[in-house]
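Structure file structure_34.txt; described as compact mmCIF, C-alpha atoms.
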# COMPACT_ATOMS: atom_id res chain seq x y z
CA MET B 25 31.02 244.03 -129.10
CA ASN B 26 28.22 245.66 -131.06
CA ILE B 27 24.61 246.21 -130.00
CA GLU B 28 23.35 242.97 -131.55
CA GLN B 29 26.02 240.92 -129.81
CA LEU B 30 25.18 242.69 -126.56
CA ARG B 31 21.46 241.93 -127.02
CA LYS B 32 22.14 238.29 -127.82
CA LEU B 33 24.32 237.86 -124.75
CA CYS B 34 22.06 239.68 -122.29
CA LEU B 35 18.89 238.00 -123.52
CA SER B 36 20.55 234.59 -123.16
CA PHE B 37 20.41 234.96 -119.36
CA PRO B 38 17.41 233.25 -117.70
CA SER B 39 14.27 235.44 -117.71
CA ALA B 40 16.17 238.48 -119.03
CA THR B 41 14.12 241.05 -120.92
CA GLU B 42 14.81 244.24 -122.82
CA GLN B 43 12.93 247.51 -122.73
CA ILE B 44 13.38 250.94 -124.24
CA GLN B 45 13.11 253.57 -121.53
CA TRP B 46 13.92 257.24 -121.04
CA GLY B 47 13.54 257.98 -124.73
CA ASP B 48 16.45 256.16 -126.34
CA ASP B 49 18.02 253.87 -123.73
CA LEU B 50 17.86 250.11 -124.11
CA LEU B 51 17.62 248.46 -120.69
CA PHE B 52 18.21 244.81 -119.93
CA LYS B 53 16.23 243.64 -116.94
CA VAL B 54 15.49 240.60 -114.84
CA ALA B 55 12.26 240.59 -112.82
CA GLY B 56 11.83 244.28 -113.62
CA LYS B 57 15.28 245.26 -112.27
CA MET B 58 18.02 246.67 -114.52
CA PHE B 59 21.34 244.94 -114.96
CA ALA B 60 22.64 246.77 -118.06
CA ILE B 61 21.85 249.97 -119.98
CA THR B 62 22.99 251.09 -123.41
CA PRO B 63 21.90 254.18 -125.36
CA LEU B 64 20.48 253.65 -128.84
CA GLU B 65 21.67 257.07 -129.98
CA PRO B 66 25.26 258.38 -129.72
CA ALA B 67 25.95 259.40 -126.12
CA ARG B 68 28.74 260.04 -123.65
CA VAL B 69 28.74 256.41 -122.51
CA TRP B 70 28.25 253.21 -124.49
CA LEU B 71 27.19 250.78 -121.76
CA SER B 72 26.49 250.87 -118.03
CA LEU B 73 26.38 247.83 -115.76
CA LYS B 74 26.49 246.82 -112.10
CA VAL B 75 29.74 245.42 -110.67
CA THR B 76 31.03 244.24 -107.31
CA PRO B 77 32.60 246.89 -105.04
CA GLU B 78 36.03 245.36 -105.71
CA ASN B 79 35.57 245.47 -109.48
CA PHE B 80 34.17 249.00 -109.24
CA ALA B 81 37.39 250.28 -107.64
CA GLU B 82 39.60 248.36 -110.06
CA LEU B 83 37.69 249.09 -113.27
CA THR B 84 37.16 252.81 -112.70
CA GLU B 85 40.93 253.24 -112.61
CA ARG B 86 41.17 252.02 -116.21
CA PRO B 87 40.96 254.48 -119.10
CA GLY B 88 37.56 254.62 -120.78
CA ILE B 89 35.66 253.36 -117.71
CA ILE B 90 33.99 255.80 -115.34
CA PRO B 91 31.52 255.61 -112.45
CA ALA B 92 28.10 255.48 -114.12
CA PRO B 93 26.23 258.79 -113.96
CA TYR B 94 23.39 258.61 -111.39
CA LEU B 95 24.21 254.98 -110.55
CA ALA B 96 27.77 255.09 -109.20
CA ARG B 97 26.64 254.93 -105.57
CA ALA B 98 25.11 251.52 -106.39
CA LYS B 99 28.48 250.43 -107.89
CA TRP B 100 27.62 250.78 -111.57
CA ILE B 101 30.31 251.52 -114.13
CA ALA B 102 30.00 253.14 -117.55
CA LEU B 103 32.09 252.28 -120.59
CA GLU B 104 32.84 255.40 -122.60
CA SER B 105 33.43 253.37 -125.77
CA ARG B 106 32.99 249.86 -127.12
CA ASP B 107 36.76 249.41 -126.94
CA ALA B 108 37.04 250.09 -123.20
CA LEU B 109 36.79 246.34 -122.54
CA SER B 110 37.27 243.40 -124.86
CA PRO B 111 34.29 241.12 -125.49
CA ALA B 112 36.11 238.41 -123.50
CA GLU B 113 36.28 240.77 -120.48
CA LEU B 114 32.80 242.22 -120.94
CA ALA B 115 30.80 238.97 -121.18
CA PRO B 116 31.60 237.75 -117.64
CA LEU B 117 31.02 241.26 -116.24
CA LEU B 118 27.55 241.31 -117.81
CA ARG B 119 26.77 237.91 -116.32
CA SER B 120 28.06 239.10 -112.97
CA SER B 121 25.82 242.18 -113.22
CA TYR B 122 22.83 239.93 -113.91
CA ASP B 123 23.78 237.67 -110.97
CA LEU B 124 24.23 240.64 -108.61
CA VAL B 125 20.75 241.91 -109.45
CA VAL B 126 19.18 238.45 -109.10
CA ALA B 127 20.85 238.02 -105.70
CA LYS B 128 19.10 241.17 -104.43
CA LEU B 129 15.64 240.04 -105.54
CA PRO B 130 13.17 238.77 -102.93
CA ARG B 131 13.51 235.05 -102.21
CA LYS B 132 10.17 234.14 -103.80
CA THR B 133 11.05 236.01 -106.97
CA ARG B 134 14.44 234.27 -107.19
CA GLU B 135 12.80 230.87 -106.66
CA SER B 136 10.25 231.64 -109.36
CA LEU B 137 13.05 232.58 -111.78
CA MET B 138 14.91 229.36 -110.97
CA GLN B 139 11.80 227.27 -111.59
CA ARG B 140 11.14 228.96 -114.93
CA SER B 141 14.72 228.50 -116.11
CA SER B 142 14.96 224.85 -115.01
CA ARG B 143 11.64 223.62 -116.41
CA ALA B 144 11.76 220.78 -118.88
CA PRO B 145 10.37 221.44 -122.36
CA ALA B 146 6.58 220.94 -122.53
CA ASP B 147 6.80 217.60 -124.32
CA ARG B 148 9.25 216.23 -121.74
CA ARG B 149 7.50 217.27 -118.53
CA VAL B 150 6.74 214.54 -116.06
CA PRO B 151 3.10 214.59 -114.91
CA ARG B 152 2.58 215.19 -111.20
CA LYS B 153 1.20 212.45 -109.02
CA PRO B 154 -1.96 213.38 -107.10
CA ASN B 155 -1.42 214.38 -103.50
CA ARG B 156 -2.17 211.16 -101.61
CA ARG B 157 -2.65 212.90 -98.26
CA LYS B 158 -5.32 215.16 -99.68
CA SER B 159 -7.22 212.25 -101.21
CA LEU B 160 -7.17 210.37 -97.85
CA THR B 161 -8.52 213.44 -96.07
CA SER B 162 -11.29 213.78 -98.63
CA ARG B 163 -12.29 210.14 -98.12
CA LYS B 164 -12.52 210.62 -94.35
CA ARG B 165 -14.86 213.59 -94.79
CA ALA B 166 -17.03 211.61 -97.16
CA ASN B 167 -17.54 208.81 -94.55
Represent the supplied structure as structure tokens.
Amino acid sequence: MNIEQLRKLCLSFPSATEQIQWGDDLLFKVAGKMFAITPLEPARVWLSLKVTPENFAELTERPGIIPAPYLARAKWIALESRDALSPAELAPLLRSSYDLVVAKLPRKTRESLMQRSSRAPADRRVPRKPNRRKSLTSRKRAN
């Protein structure tokens, strides 16, 4: 998987954004929280992402996959090369990383993300009905 394929995949997740940080690292975030990091310049690692504790133990035993520098205590792994995992293995791990980060967000933030991702296109939105209870209360005050 190259950088453009990685960008396309990560940005396809609901409300995912990208940001260059720390000089030359491209971060993929959801609600301001990182779920994947890749350097834009040659570096020791090609990609870092969050995994479950079970996957962390399993994946770090494989060649070319190490505990991510500075992030290993939070169960992040680092791929030393693009060939460490096939695209078919990497895609679900990236989605899992995104899902793990979303699961740790505050409830209101998660709900807001869900609403944004499930909205109908603007031309297909159903108009809201006025709140009947509020209009009855207003009429009582007027009398």
Draw an axis-aligned box tight on the listed atoms of stretch 119-134 of chain B, then pad every side by 4 Å and write out centre and edge lengths in Å to one decimal as lines of an AutoDock Vina configuration file.
center_x = 19.1
center_y = 238.2
center_z = -109.3
size_x = 25.9
size_y = 16.0
size_z = 22.1
Find the residues near B:Asp123: any atom within 12 Å, counting all atoms listed in the file, skip ones fewer than 4 places away on the same chain, and give them as an mmCIF file with C-alpha atoms, in the coordinates of the input.
data_model
loop_
_atom_site.group_PDB
_atom_site.id
_atom_site.type_symbol
_atom_site.label_atom_id
_atom_site.label_comp_id
_atom_site.auth_asym_id
_atom_site.auth_seq_id
_atom_site.Cartn_x
_atom_site.Cartn_y
_atom_site.Cartn_z
ATOM 1 C CA CYS B 34 22.060 239.680 -122.290
ATOM 2 C CA PHE B 37 20.410 234.960 -119.360
ATOM 3 C CA PRO B 38 17.410 233.250 -117.700
ATOM 4 C CA SER B 39 14.270 235.440 -117.710
ATOM 5 C CA ALA B 40 16.170 238.480 -119.030
ATOM 6 C CA LYS B 53 16.230 243.640 -116.940
ATOM 7 C CA VAL B 54 15.490 240.600 -114.840
ATOM 8 C CA LYS B 57 15.280 245.260 -112.270
ATOM 9 C CA MET B 58 18.020 246.670 -114.520
ATOM 10 C CA PHE B 59 21.340 244.940 -114.960
ATOM 11 C CA ALA B 60 22.640 246.770 -118.060
ATOM 12 C CA LEU B 73 26.380 247.830 -115.760
ATOM 13 C CA LYS B 74 26.490 246.820 -112.100
ATOM 14 C CA VAL B 75 29.740 245.420 -110.670
ATOM 15 C CA THR B 76 31.030 244.240 -107.310
ATOM 16 C CA PRO B 116 31.600 237.750 -117.640
ATOM 17 C CA LEU B 117 31.020 241.260 -116.240
ATOM 18 C CA LEU B 118 27.550 241.310 -117.810
ATOM 19 C CA ARG B 119 26.770 237.910 -116.320
ATOM 20 C CA ALA B 127 20.850 238.020 -105.700
ATOM 21 C CA LYS B 128 19.100 241.170 -104.430
ATOM 22 C CA LEU B 129 15.640 240.040 -105.540
ATOM 23 C CA ARG B 134 14.440 234.270 -107.190
ATOM 24 C CA LEU B 137 13.050 232.580 -111.780
#
Can you work out the spacing between atom CA of B:Ser72 and atom CA of B:Thr133 in Å, to one decimal?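 Atom-to-atom, atom CA of B:Ser72 and atom CA of B:Thr133 are spaced 24.1 Å apart.
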Identify, on the basis of all atoms listed in the file, every residue whose closest approach to stretch 42-50 of chain B does not exceed 12 Å; exclude the query and any residue fewer than 4 positions from it along the same chain; express the result as a PyMOL selection string. chain B and resi 27-28+30-37+54-67+69-72
Prev. selection, C-alpha atoms, output as a JSON list (two decimals), in the frame of the given file:
[["chain", "number", "residue", "atom", "x", "y", "z"],
["B", 27, "ILE", "CA", 24.61, 246.21, -130.00],
["B", 28, "GLU", "CA", 23.35, 242.97, -131.55],
["B", 30, "LEU", "CA", 25.18, 242.69, -126.56],
["B", 31, "ARG", "CA", 21.46, 241.93, -127.02],
["B", 32, "LYS", "CA", 22.14, 238.29, -127.82],
["B", 33, "LEU", "CA", 24.32, 237.86, -124.75],
["B", 34, "CYS", "CA", 22.06, 239.68, -122.29],
["B", 35, "LEU", "CA", 18.89, 238.00, -123.52],
["B", 36, "SER", "CA", 20.55, 234.59, -123.16],
["B", 37, "PHE", "CA", 20.41, 234.96, -119.36],
["B", 54, "VAL", "CA", 15.49, 240.60, -114.84],
["B", 55, "ALA", "CA", 12.26, 240.59, -112.82],
["B", 56, "GLY", "CA", 11.83, 244.28, -113.62],
["B", 57, "LYS", "CA", 15.28, 245.26, -112.27],
["B", 58, "MET", "CA", 18.02, 246.67, -114.52],
["B", 59, "PHE", "CA", 21.34, 244.94, -114.96],
["B", 60, "ALA", "CA", 22.64, 246.77, -118.06],
["B", 61, "ILE", "CA", 21.85, 249.97, -119.98],
["B", 62, "THR", "CA", 22.99, 251.09, -123.41],
["B", 63, "PRO", "CA", 21.90, 254.18, -125.36],
["B", 64, "LEU", "CA", 20.48, 253.65, -128.84],
["B", 65, "GLU", "CA", 21.67, 257.07, -129.98],
["B", 66, "PRO", "CA", 25.26, 258.38, -129.72],
["B", 67, "ALA", "CA", 25.95, 259.40, -126.12],
["B", 69, "VAL", "CA", 28.74, 256.41, -122.51],
["B", 70, "TRP", "CA", 28.25, 253.21, -124.49],
["B", 71, "LEU", "CA", 27.19, 250.78, -121.76],
["B", 72, "SER", "CA", 26.49, 250.87, -118.03]]
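Among the candidates B:Leu51, B:Val125, B:Leu95, B:Ile89, the residue lying nearest to B:Leu109 is B:Ile89 (atoms considered: only C-alpha atoms).
Between atom CA of B:Phe80 and atom CA of B:Leu124 there is a distance of 13.0 Å.
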Report, in Å with one decimal, the straight-line distance from atom CA of B:Met138 to atom CA of B:Ala112.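 Computing the Euclidean distance for atom CA of B:Met138 and atom CA of B:Ala112 yields 26.2 Å.
Nearest-residue note for B:Ala81: choosing from B:Arg97, B:Lys132, B:Arg140, B:Arg68, the minimum distance belongs to B:Arg97, counting only C-alpha atoms.
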Contacts of B:Asn79 at 10 Å (all atoms listed in the file; same-chain gap of 6+ positions) as a short mmCIF file (atom, residue, chain, number, x, y, z; two decimals) with C-alpha atoms, in the coordinates of the input:
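In the end it all went to out36.cif:
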data_model
loop_
_atom_site.label_atom_id
_atom_site.label_comp_id
_atom_site.auth_asym_id
_atom_site.auth_seq_id
_atom_site.Cartn_x
_atom_site.Cartn_y
_atom_site.Cartn_z
CA GLU B 85 40.93 253.24 -112.61
CA LYS B 99 28.48 250.43 -107.89
CA TRP B 100 27.62 250.78 -111.57
CA ILE B 101 30.31 251.52 -114.13
CA LEU B 117 31.02 241.26 -116.24
#
Using only C-alpha atoms, which residue out of B:Thr41, B:Ser136, B:Thr84, B:Ser110 lies closest to B:Tyr122?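 The answer is B:Thr41, which sits nearest to B:Tyr122.
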Can you rebuild stretch 82-109 of chain B with N, CA and C atoms and give it as a PDB file, keeping the file's coordinate frame?
ATOM      1  N   GLU B  82      38.577 248.747-109.082  1.00  0.00           N
ATOM      2  CA  GLU B  82      39.600 248.360-110.060  1.00  0.00           C
ATOM      3  C   GLU B  82      39.289 248.900-111.454  1.00  0.00           C
ATOM      4  N   LEU B  83      38.049 248.728-111.902  1.00  0.00           N
ATOM      5  CA  LEU B  83      37.690 249.090-113.270  1.00  0.00           C
ATOM      6  C   LEU B  83      37.660 250.595-113.496  1.00  0.00           C
ATOM      7  N   THR B  84      37.232 251.357-112.502  1.00  0.00           N
ATOM      8  CA  THR B  84      37.160 252.810-112.700  1.00  0.00           C
ATOM      9  C   THR B  84      38.531 253.471-112.746  1.00  0.00           C
ATOM     10  N   GLU B  85      39.570 252.726-112.443  1.00  0.00           N
ATOM     11  CA  GLU B  85      40.930 253.240-112.610  1.00  0.00           C
ATOM     12  C   GLU B  85      41.428 253.072-114.041  1.00  0.00           C
ATOM     13  N   ARG B  86      40.748 252.263-114.822  1.00  0.00           N
ATOM     14  CA  ARG B  86      41.170 252.020-116.210  1.00  0.00           C
ATOM     15  C   ARG B  86      40.661 253.130-117.118  1.00  0.00           C
ATOM     16  N   PRO B  87      41.419 253.446-118.162  1.00  0.00           N
ATOM     17  CA  PRO B  87      40.960 254.480-119.100  1.00  0.00           C
ATOM     18  C   PRO B  87      39.702 254.011-119.842  1.00  0.00           C
ATOM     19  N   GLY B  88      38.776 254.928-120.041  1.00  0.00           N
ATOM     20  CA  GLY B  88      37.560 254.620-120.780  1.00  0.00           C
ATOM     21  C   GLY B  88      36.441 254.033-119.925  1.00  0.00           C
ATOM     22  N   ILE B  89      36.686 253.882-118.614  1.00  0.00           N
ATOM     23  CA  ILE B  89      35.660 253.360-117.710  1.00  0.00           C
ATOM     24  C   ILE B  89      35.507 254.350-116.558  1.00  0.00           C
ATOM     25  N   ILE B  90      34.275 254.805-116.371  1.00  0.00           N
ATOM     26  CA  ILE B  90      33.990 255.800-115.340  1.00  0.00           C
ATOM     27  C   ILE B  90      32.859 255.308-114.437  1.00  0.00           C
ATOM     28  N   PRO B  91      32.712 255.913-113.251  1.00  0.00           N
ATOM     29  CA  PRO B  91      31.520 255.610-112.450  1.00  0.00           C
ATOM     30  C   PRO B  91      30.284 256.044-113.248  1.00  0.00           C
ATOM     31  N   ALA B  92      29.283 255.192-113.312  1.00  0.00           N
ATOM     32  CA  ALA B  92      28.100 255.480-114.120  1.00  0.00           C
ATOM     33  C   ALA B  92      27.340 256.684-113.554  1.00  0.00           C
ATOM     34  N   PRO B  93      27.011 257.644-114.418  1.00  0.00           N
ATOM     35  CA  PRO B  93      26.230 258.790-113.960  1.00  0.00           C
ATOM     36  C   PRO B  93      24.921 258.329-113.306  1.00  0.00           C
ATOM     37  N   TYR B  94      24.600 258.882-112.161  1.00  0.00           N
ATOM     38  CA  TYR B  94      23.390 258.610-111.390  1.00  0.00           C
ATOM     39  C   TYR B  94      23.367 257.238-110.711  1.00  0.00           C
ATOM     40  N   LEU B  95      24.250 256.338-111.088  1.00  0.00           N
ATOM     41  CA  LEU B  95      24.210 254.980-110.550  1.00  0.00           C
ATOM     42  C   LEU B  95      25.501 254.562-109.848  1.00  0.00           C
ATOM     43  N   ALA B  96      26.475 255.451-109.770  1.00  0.00           N
ATOM     44  CA  ALA B  96      27.770 255.090-109.200  1.00  0.00           C
ATOM     45  C   ALA B  96      27.661 254.685-107.733  1.00  0.00           C
ATOM     46  N   ARG B  97      26.758 255.289-106.985  1.00  0.00           N
ATOM     47  CA  ARG B  97      26.640 254.930-105.570  1.00  0.00           C
ATOM     48  C   ARG B  97      26.179 253.490-105.389  1.00  0.00           C
ATOM     49  N   ALA B  98      25.532 252.926-106.425  1.00  0.00           N
ATOM     50  CA  ALA B  98      25.110 251.520-106.390  1.00  0.00           C
ATOM     51  C   ALA B  98      26.153 250.623-107.078  1.00  0.00           C
ATOM     52  N   LYS B  99      27.349 251.165-107.287  1.00  0.00           N
ATOM     53  CA  LYS B  99      28.480 250.430-107.890  1.00  0.00           C
ATOM     54  C   LYS B  99      28.209 250.017-109.337  1.00  0.00           C
ATOM     55  N   TRP B 100      27.767 250.974-110.131  1.00  0.00           N
ATOM     56  CA  TRP B 100      27.620 250.780-111.570  1.00  0.00           C
ATOM     57  C   TRP B 100      28.772 251.507-112.252  1.00  0.00           C
ATOM     58  N   ILE B 101      29.271 250.895-113.318  1.00  0.00           N
ATOM     59  CA  ILE B 101      30.310 251.520-114.130  1.00  0.00           C
ATOM     60  C   ILE B 101      29.725 251.869-115.500  1.00  0.00           C
ATOM     61  N   ALA B 102      30.391 252.764-116.189  1.00  0.00           N
ATOM     62  CA  ALA B 102      30.000 253.140-117.550  1.00  0.00           C
ATOM     63  C   ALA B 102      31.215 253.034-118.454  1.00  0.00           C
ATOM     64  N   LEU B 103      31.031 252.382-119.576  1.00  0.00           N
ATOM     65  CA  LEU B 103      32.090 252.280-120.590  1.00  0.00           C
ATOM     66  C   LEU B 103      31.903 253.442-121.558  1.00  0.00           C
ATOM     67  N   GLU B 104      32.939 254.233-121.722  1.00  0.00           N
ATOM     68  CA  GLU B 104      32.840 255.400-122.600  1.00  0.00           C
ATOM     69  C   GLU B 104      32.887 255.016-124.080  1.00  0.00           C
ATOM     70  N   SER B 105      33.402 253.842-124.378  1.00  0.00           N
ATOM     71  CA  SER B 105      33.430 253.370-125.770  1.00  0.00           C
ATOM     72  C   SER B 105      33.344 251.850-125.789  1.00  0.00           C
ATOM     73  N   ARG B 106      33.075 251.319-126.959  1.00  0.00           N
ATOM     74  CA  ARG B 106      32.990 249.860-127.120  1.00  0.00           C
ATOM     75  C   ARG B 106      34.341 249.186-126.908  1.00  0.00           C
ATOM     76  N   ASP B 107      35.412 249.959-127.061  1.00  0.00           N
ATOM     77  CA  ASP B 107      36.760 249.410-126.940  1.00  0.00           C
ATOM     78  C   ASP B 107      37.315 249.457-125.521  1.00  0.00           C
ATOM     79  N   ALA B 108      36.546 249.980-124.573  1.00  0.00           N
ATOM     80  CA  ALA B 108      37.040 250.090-123.200  1.00  0.00           C
ATOM     81  C   ALA B 108      37.343 248.726-122.598  1.00  0.00           C
ATOM     82  N   LEU B 109      36.563 247.729-122.970  1.00  0.00           N
ATOM     83  CA  LEU B 109      36.790 246.340-122.540  1.00  0.00           C
ATOM     84  C   LEU B 109      36.638 245.426-123.746  1.00  0.00           C
TER      85      LEU B 109
END
